[in-house]
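Data from work.cif: mmCIF, C-alpha atoms
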```cif
data_work
loop_
_atom_site.group_PDB
_atom_site.id
_atom_site.type_symbol
_atom_site.label_atom_id
_atom_site.label_comp_id
_atom_site.auth_asym_id
_atom_site.auth_seq_id
_atom_site.Cartn_x
_atom_site.Cartn_y
_atom_site.Cartn_z
ATOM 1 C CA MET A 41 115.960 68.128 -138.387
ATOM 2 C CA ASN A 42 118.934 67.073 -136.258
ATOM 3 C CA GLU A 43 119.326 70.646 -135.047
ATOM 4 C CA ILE A 44 115.752 70.629 -133.752
ATOM 5 C CA LYS A 45 116.345 67.344 -131.905
ATOM 6 C CA GLU A 46 119.515 68.733 -130.345
ATOM 7 C CA LEU A 47 117.650 71.877 -129.338
ATOM 8 C CA LEU A 48 114.937 69.800 -127.674
ATOM 9 C CA ILE A 49 117.535 67.749 -125.814
ATOM 10 C CA ASP A 50 119.241 70.944 -124.644
ATOM 11 C CA LEU A 51 115.892 72.354 -123.539
ATOM 12 C CA LYS A 52 115.103 69.205 -121.544
ATOM 13 C CA LEU A 53 118.532 69.359 -119.900
ATOM 14 C CA TYR A 54 117.899 73.005 -119.065
ATOM 15 C CA TYR A 55 114.583 72.081 -117.437
ATOM 16 C CA PHE A 56 116.273 69.253 -115.599
ATOM 17 C CA PHE A 57 118.949 71.488 -114.082
ATOM 18 C CA LEU A 58 116.376 74.119 -113.252
ATOM 19 C CA LEU A 59 114.247 71.531 -111.467
ATOM 20 C CA ILE A 60 117.290 70.290 -109.537
ATOM 21 C CA LYS A 61 117.679 73.789 -108.054
ATOM 22 C CA ILE A 62 114.149 73.806 -106.654
ATOM 23 C CA TYR A 63 114.122 70.050 -106.010
ATOM 24 C CA ASN A 64 114.496 70.145 -102.225
ATOM 25 C CA ARG A 65 111.666 72.605 -101.677
ATOM 26 C CA PHE A 66 108.900 71.321 -103.911
ATOM 27 C CA ILE A 67 109.610 68.004 -105.569
ATOM 28 C CA ASN A 68 110.283 64.611 -104.001
ATOM 29 C CA PHE A 69 110.919 62.629 -107.202
ATOM 30 C CA THR A 70 111.254 63.382 -110.958
ATOM 31 C CA ILE A 71 111.126 61.205 -114.086
ATOM 32 C CA PHE A 72 111.689 62.395 -117.678
ATOM 33 C CA LYS A 73 109.891 60.547 -120.500
ATOM 34 C CA PHE A 74 109.731 62.067 -123.977
ATOM 35 C CA ASN A 75 107.997 65.447 -123.549
ATOM 36 C CA ASN A 76 106.578 64.505 -120.153
ATOM 37 C CA ILE A 77 108.105 65.405 -116.814
ATOM 38 C CA ILE A 78 106.587 63.344 -113.999
ATOM 39 C CA ASN A 79 106.932 64.790 -110.483
ATOM 40 C CA THR A 80 105.963 63.650 -107.029
ATOM 41 C CA LEU A 81 105.241 66.799 -105.041
ATOM 42 C CA ASN A 82 105.693 67.797 -101.442
ATOM 43 C CA ALA A 83 102.272 68.192 -99.802
ATOM 44 C CA PHE A 84 103.164 71.428 -98.004
ATOM 45 C CA THR A 85 104.447 73.524 -100.905
ATOM 46 C CA TYR A 86 102.602 72.224 -103.955
ATOM 47 C CA SER A 87 100.414 75.328 -104.463
ATOM 48 C CA TYR A 88 103.480 77.563 -104.611
ATOM 49 C CA PHE A 89 105.003 75.110 -107.107
ATOM 50 C CA PHE A 90 102.017 75.545 -109.443
ATOM 51 C CA TYR A 91 102.138 79.305 -109.005
ATOM 52 C CA CYS A 92 105.815 79.230 -110.102
ATOM 53 C CA LEU A 93 104.985 76.997 -113.072
ATOM 54 C CA LYS A 94 102.347 79.357 -114.395
ATOM 55 C CA SER A 95 103.884 82.746 -113.626
ATOM 56 C CA SER A 96 107.480 81.942 -114.570
ATOM 57 C CA ILE A 97 108.655 82.995 -118.025
ATOM 58 C CA ILE A 98 110.900 79.938 -118.113
ATOM 59 C CA PHE A 99 108.170 77.303 -117.702
ATOM 60 C CA ARG A 100 105.022 78.937 -119.131
ATOM 61 C CA MET A 101 102.656 76.193 -117.994
ATOM 62 C CA ASP A 102 99.582 78.030 -119.217
ATOM 63 C CA THR A 103 96.989 75.290 -118.925
ATOM 64 C CA LEU A 104 95.898 72.812 -116.301
ATOM 65 C CA SER A 105 94.658 70.199 -118.740
ATOM 66 C CA ASP A 106 93.474 67.637 -116.194
ATOM 67 C CA LEU A 107 93.114 66.959 -112.491
ATOM 68 C CA THR A 108 92.168 63.473 -111.413
ATOM 69 C CA THR A 109 92.280 61.240 -108.368
ATOM 70 C CA ILE A 110 93.183 57.622 -107.691
ATOM 71 C CA ASN A 111 91.861 55.931 -104.561
ATOM 72 C CA TYR A 112 94.100 53.394 -102.798
ATOM 73 C CA GLN A 113 91.964 51.901 -100.034
ATOM 74 C CA GLY A 114 93.860 50.506 -97.078
ATOM 75 C CA SER A 115 97.221 52.167 -97.793
ATOM 76 C CA LEU A 116 99.063 54.865 -95.833
ATOM 77 C CA TYR A 117 98.127 57.574 -98.332
ATOM 78 C CA GLU A 118 94.562 56.915 -99.427
ATOM 79 C CA PHE A 119 94.463 59.240 -102.449
ATOM 80 C CA GLU A 120 96.767 60.248 -105.273
ATOM 81 C CA LEU A 121 95.941 63.589 -106.893
ATOM 82 C CA VAL A 122 97.337 63.876 -110.419
ATOM 83 C CA TYR A 123 97.718 67.365 -111.900
ATOM 84 C CA ILE A 124 98.577 67.584 -115.611
ATOM 85 C CA THR A 125 99.808 70.994 -116.788
ATOM 86 C CA LEU A 126 100.760 71.852 -120.333
ATOM 87 C CA SER A 127 103.133 74.342 -121.931
ATOM 88 C CA TYR A 128 102.085 75.210 -125.471
ATOM 89 C CA LYS A 129 105.244 77.166 -126.140
ATOM 90 C CA TYR A 130 107.692 74.355 -125.331
ATOM 91 C CA ASN A 131 105.383 71.377 -125.936
ATOM 92 C CA ILE A 132 106.149 69.941 -122.510
ATOM 93 C CA ARG A 133 103.719 68.330 -120.105
ATOM 94 C CA PHE A 134 104.210 68.287 -116.331
ATOM 95 C CA ILE A 135 102.469 65.389 -114.622
ATOM 96 C CA SER A 136 102.534 66.190 -110.923
ATOM 97 C CA LYS A 137 101.422 63.673 -108.313
ATOM 98 C CA LEU A 138 100.430 64.453 -104.762
ATOM 99 C CA TYR A 139 99.773 61.719 -102.178
ATOM 100 C CA ILE A 140 97.284 62.647 -99.461
ATOM 101 C CA LYS A 141 95.159 61.134 -96.697
ATOM 102 C CA LYS A 142 91.379 61.416 -96.391
ATOM 103 C CA GLU A 143 91.629 63.996 -93.576
ATOM 104 C CA ASP A 144 94.100 66.266 -95.395
ATOM 105 C CA LEU A 145 92.854 69.646 -96.562
ATOM 106 C CA ILE A 146 94.152 70.610 -99.976
ATOM 107 C CA LEU A 147 94.616 74.202 -101.115
ATOM 108 C CA SER A 148 92.529 75.076 -104.127
ATOM 109 C CA LEU A 149 94.293 76.062 -107.343
ATOM 110 C CA SER A 150 91.253 77.922 -108.699
ATOM 111 C CA ASN A 151 92.986 81.278 -108.212
ATOM 112 C CA ILE A 152 95.951 80.055 -110.330
ATOM 113 C CA TYR A 153 94.186 77.970 -112.988
ATOM 114 C CA ILE A 154 90.568 79.004 -113.598
ATOM 115 C CA ASN A 155 89.464 75.614 -114.941
ATOM 116 C CA SER A 156 90.478 73.857 -111.718
ATOM 117 C CA ASN A 157 87.224 75.198 -110.258
ATOM 118 C CA TRP A 158 85.203 72.578 -112.123
ATOM 119 C CA LEU A 159 87.772 69.797 -111.702
ATOM 120 C CA GLU A 160 88.006 70.305 -107.933
ATOM 121 C CA ARG A 161 84.223 70.259 -107.660
ATOM 122 C CA GLU A 162 84.151 66.910 -109.479
ATOM 123 C CA ILE A 163 86.766 65.446 -107.141
ATOM 124 C CA TRP A 164 84.924 66.679 -104.069
ATOM 125 C CA ASP A 165 81.635 65.286 -105.372
ATOM 126 C CA LEU A 166 82.979 61.863 -106.331
ATOM 127 C CA PHE A 167 85.717 61.289 -103.697
ATOM 128 C CA GLY A 168 85.002 63.684 -100.832
ATOM 129 C CA ILE A 169 88.367 65.476 -100.876
ATOM 130 C CA LYS A 170 87.905 69.022 -99.567
ATOM 131 C CA PHE A 171 89.739 71.977 -101.098
ATOM 132 C CA LEU A 172 90.478 75.019 -98.949
ATOM 133 C CA TYR A 173 89.625 78.475 -100.319
ATOM 134 C CA HIS A 174 87.432 77.058 -103.055
ATOM 135 C CA LYS A 175 84.642 79.554 -103.740
ATOM 136 C CA ASP A 176 81.928 77.196 -105.003
ATOM 137 C CA LEU A 177 82.351 73.664 -103.606
ATOM 138 C CA ARG A 178 79.030 71.953 -104.330
ATOM 139 C CA ARG A 179 77.788 68.834 -106.069
ATOM 140 C CA ILE A 180 77.954 68.503 -109.860
ATOM 141 C CA LEU A 181 77.406 64.905 -110.894
ATOM 142 C CA THR A 182 75.238 63.466 -108.100
ATOM 143 C CA ASP A 183 71.882 64.515 -106.691
ATOM 144 C CA TYR A 184 71.806 67.083 -103.911
ATOM 145 C CA GLY A 185 70.179 64.533 -101.588
ATOM 146 C CA PHE A 186 72.851 61.898 -102.266
ATOM 147 C CA ILE A 187 74.622 60.793 -99.107
ATOM 148 C CA GLY A 188 78.314 59.904 -99.488
ATOM 149 C CA HIS A 189 80.685 59.926 -102.421
ATOM 150 C CA PRO A 190 80.164 57.324 -105.187
ATOM 151 C CA LEU A 191 83.761 56.515 -106.158
ATOM 152 C CA LEU A 192 84.691 55.609 -102.588
ATOM 153 C CA LYS A 193 82.346 52.618 -102.959
ATOM 154 C CA ILE A 194 81.187 52.617 -99.321
ATOM 155 C CA PHE A 195 77.452 52.454 -100.001
ATOM 156 C CA PRO A 196 75.157 49.644 -101.229
ATOM 157 C CA LEU A 197 74.915 49.147 -104.979
ATOM 158 C CA ILE A 198 71.156 49.673 -105.099
ATOM 159 C CA GLY A 199 71.278 52.805 -102.960
ATOM 160 C CA PHE A 200 69.307 53.877 -99.896
ATOM 161 C CA ILE A 201 66.248 55.496 -101.506
ATOM 162 C CA GLU A 202 64.026 54.151 -104.252
ATOM 163 C CA LEU A 203 62.025 56.421 -106.553
ATOM 164 C CA ARG A 204 59.063 54.943 -108.408
ATOM 165 C CA TYR A 205 55.951 56.170 -110.164
ATOM 166 C CA ASP A 206 52.623 54.971 -108.765
ATOM 167 C CA ASP A 207 49.854 54.816 -111.405
ATOM 168 C CA SER A 208 47.037 54.752 -108.875
ATOM 169 C CA LEU A 209 48.231 57.920 -107.103
ATOM 170 C CA ASN A 210 49.613 59.559 -110.276
ATOM 171 C CA LYS A 211 52.771 60.760 -108.545
ATOM 172 C CA ILE A 212 56.362 59.817 -107.820
ATOM 173 C CA ILE A 213 56.886 58.032 -104.507
ATOM 174 C CA LYS A 214 60.154 58.079 -102.566
ATOM 175 C CA GLU A 215 60.711 55.031 -100.319
ATOM 176 C CA MET A 216 63.539 53.632 -98.264
ATOM 177 C CA VAL A 217 65.038 50.485 -99.809
ATOM 178 C CA GLU A 218 64.366 47.279 -97.891
ATOM 179 C CA PHE A 219 67.290 44.860 -97.760
ATOM 180 C CA ALA A 220 65.284 41.694 -97.032
ATOM 181 C CA GLN A 221 66.689 38.402 -98.257
ATOM 182 C CA SER A 222 63.967 35.844 -98.924
ATOM 183 C CA PHE A 223 66.128 32.700 -99.016
ATOM 184 C CA ARG A 224 68.369 32.747 -95.965
ATOM 185 C CA VAL A 225 68.935 28.980 -95.741
ATOM 186 C CA PHE A 226 70.571 27.534 -98.824
ATOM 187 C CA ASN A 227 70.797 23.856 -99.672
ATOM 188 C CA TYR A 228 74.247 23.274 -101.108
ATOM 189 C CA TYR A 229 73.629 19.572 -101.809
ATOM 190 C CA ASN A 230 74.478 18.722 -105.406
ATOM 191 C CA PRO A 231 73.135 15.324 -106.558
ATOM 192 C CA TRP A 232 75.563 15.123 -109.505
ATOM 193 C CA ILE A 233 78.644 15.020 -107.270
ATOM 194 C CA ASN A 234 79.341 11.842 -105.225
#
```

Show me, as structure tokens, the structure contained in the file I just sent.
Amino acid sequence: MNEIKELLIDLKLYYFFLLIKIYNRFINFTIFKFNNIINTLNAFTYSYFFYCLKSSIIFRMDTLSDLTTINYQGSLYEFELVYITLSYKYNIRFISKLYIKKEDLILSLSNIYINSNWLEREIWDLFGIKFLYHKDLRRILTDYGFIGHPLLKIFPLIGFIELRYDDSLNKIIKEMVEFAQSFRVFNYYNPWIN
């Protein structure tokens, strides 16, 4: 059992020294926690980094297990893309973070990891981040007539269009939502407070 632990420690040190060699080109910051290696990537060379992770015999990051986004409104970098790749052979997980702005165009990883096709479509649909060279960038989770991106939270909570069924006409009616407020003058007088 101790031999296996020593082997894992040696393997992590090997990965660490290997990452130090390519540190200046691809990675801005690295943290090691258990079997996770957390990286902050350079925005210009991240696609080549993932190509090296998958094609290299040393890393063998076969699977992109998740791709998600965090929105930081009002900061310098508005979005944080988090790529989680997994090596089944070495039981190591790379968590790679990429900080981008709303205007930045991101290269698609669908030619490297096939399942990123669906994940990138979700991110485009919900956040509006565009991926270059993506073959099928269309909506998945929202209606085709939906205007905007729901997780940016820049639209009214009740929406712009209301769908309702009219019994007298026996059909579905689509109407624009009216934002009228019936009580514009409020009386804040409270008789229980002196």

(message) Measuring between all atoms listed in the file, which one of A:Ile140, A:Ile124, A:Lys175, A:Ile67 shows the shortest distance to Thr108 of chain A?
(response) A:Ile124

Using only C-alpha atoms, find each residue in segment 122-163 of chain A having at least one atom no more than 10 Å away from segment 87-106 of chain A; report its shortest atom-to-atom pair and that distance in Å (one decimal), rows by chain then rising number, as CSV.
```
residue,atom,partner,partner_atom,distance
A:Val122,CA,A:Asp106,CA,7.9
A:Tyr123,CA,A:Asp106,CA,6.0
A:Ile124,CA,A:Asp106,CA,5.1
A:Thr125,CA,A:Leu104,CA,4.3
A:Leu126,CA,A:Met101,CA,5.3
A:Ser127,CA,A:Met101,CA,4.4
A:Tyr128,CA,A:Asp102,CA,7.3
A:Lys129,CA,A:Arg100,CA,7.2
A:Tyr130,CA,A:Arg100,CA,8.2
A:Asn131,CA,A:Met101,CA,9.7
A:Ile132,CA,A:Met101,CA,8.5
A:Arg133,CA,A:Met101,CA,8.2
A:Phe134,CA,A:Met101,CA,8.2
A:Ile135,CA,A:Asp106,CA,9.4
A:Ser136,CA,A:Phe90,CA,9.5
A:Ile146,CA,A:Ser87,CA,9.0
A:Leu147,CA,A:Ser87,CA,6.8
A:Ser148,CA,A:Ser87,CA,7.9
A:Leu149,CA,A:Ser87,CA,6.8
A:Asn151,CA,A:Tyr91,CA,9.4
A:Ile152,CA,A:Tyr91,CA,6.4
A:Tyr153,CA,A:Leu104,CA,6.4
A:Ile154,CA,A:Leu104,CA,8.6
A:Asn155,CA,A:Leu104,CA,7.1
A:Ser156,CA,A:Leu104,CA,7.2
A:Leu159,CA,A:Asp106,CA,7.6
```

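Straight-line separation from atom CA of Gly188 of chain A to atom CA of Met216 of chain A: 16.1 Å.
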
(message) Suppose a student applies the PyMOL selection byres ((chain A and resi 178) around 8) to this structure; what residues should they get, written as a PyMOL selection string?
(response) chain A and resi 161+164-165+176-177+179-180

(request) Tell me, in Å to one decimal, how far atom CA of Ile169 of chain A is from atom CA of Glu143 of chain A. (result) 8.1 Å

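Of the residues under consideration (A:Phe200, A:Tyr139, A:Tyr112, A:Tyr173), A:Tyr139 shows the shortest atom-to-atom contact distance to Asn82 of chain A when counting only C-alpha atoms.
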
(request) Give me the result of the PyMOL selection byres ((chain A and resi 120) around 12) on this file, residue by residue, as number ranges by chain. (result) A: 80-81, 83, 107-113, 115-119, 121-123, 136-142, 144, 146, 163, 167, 169
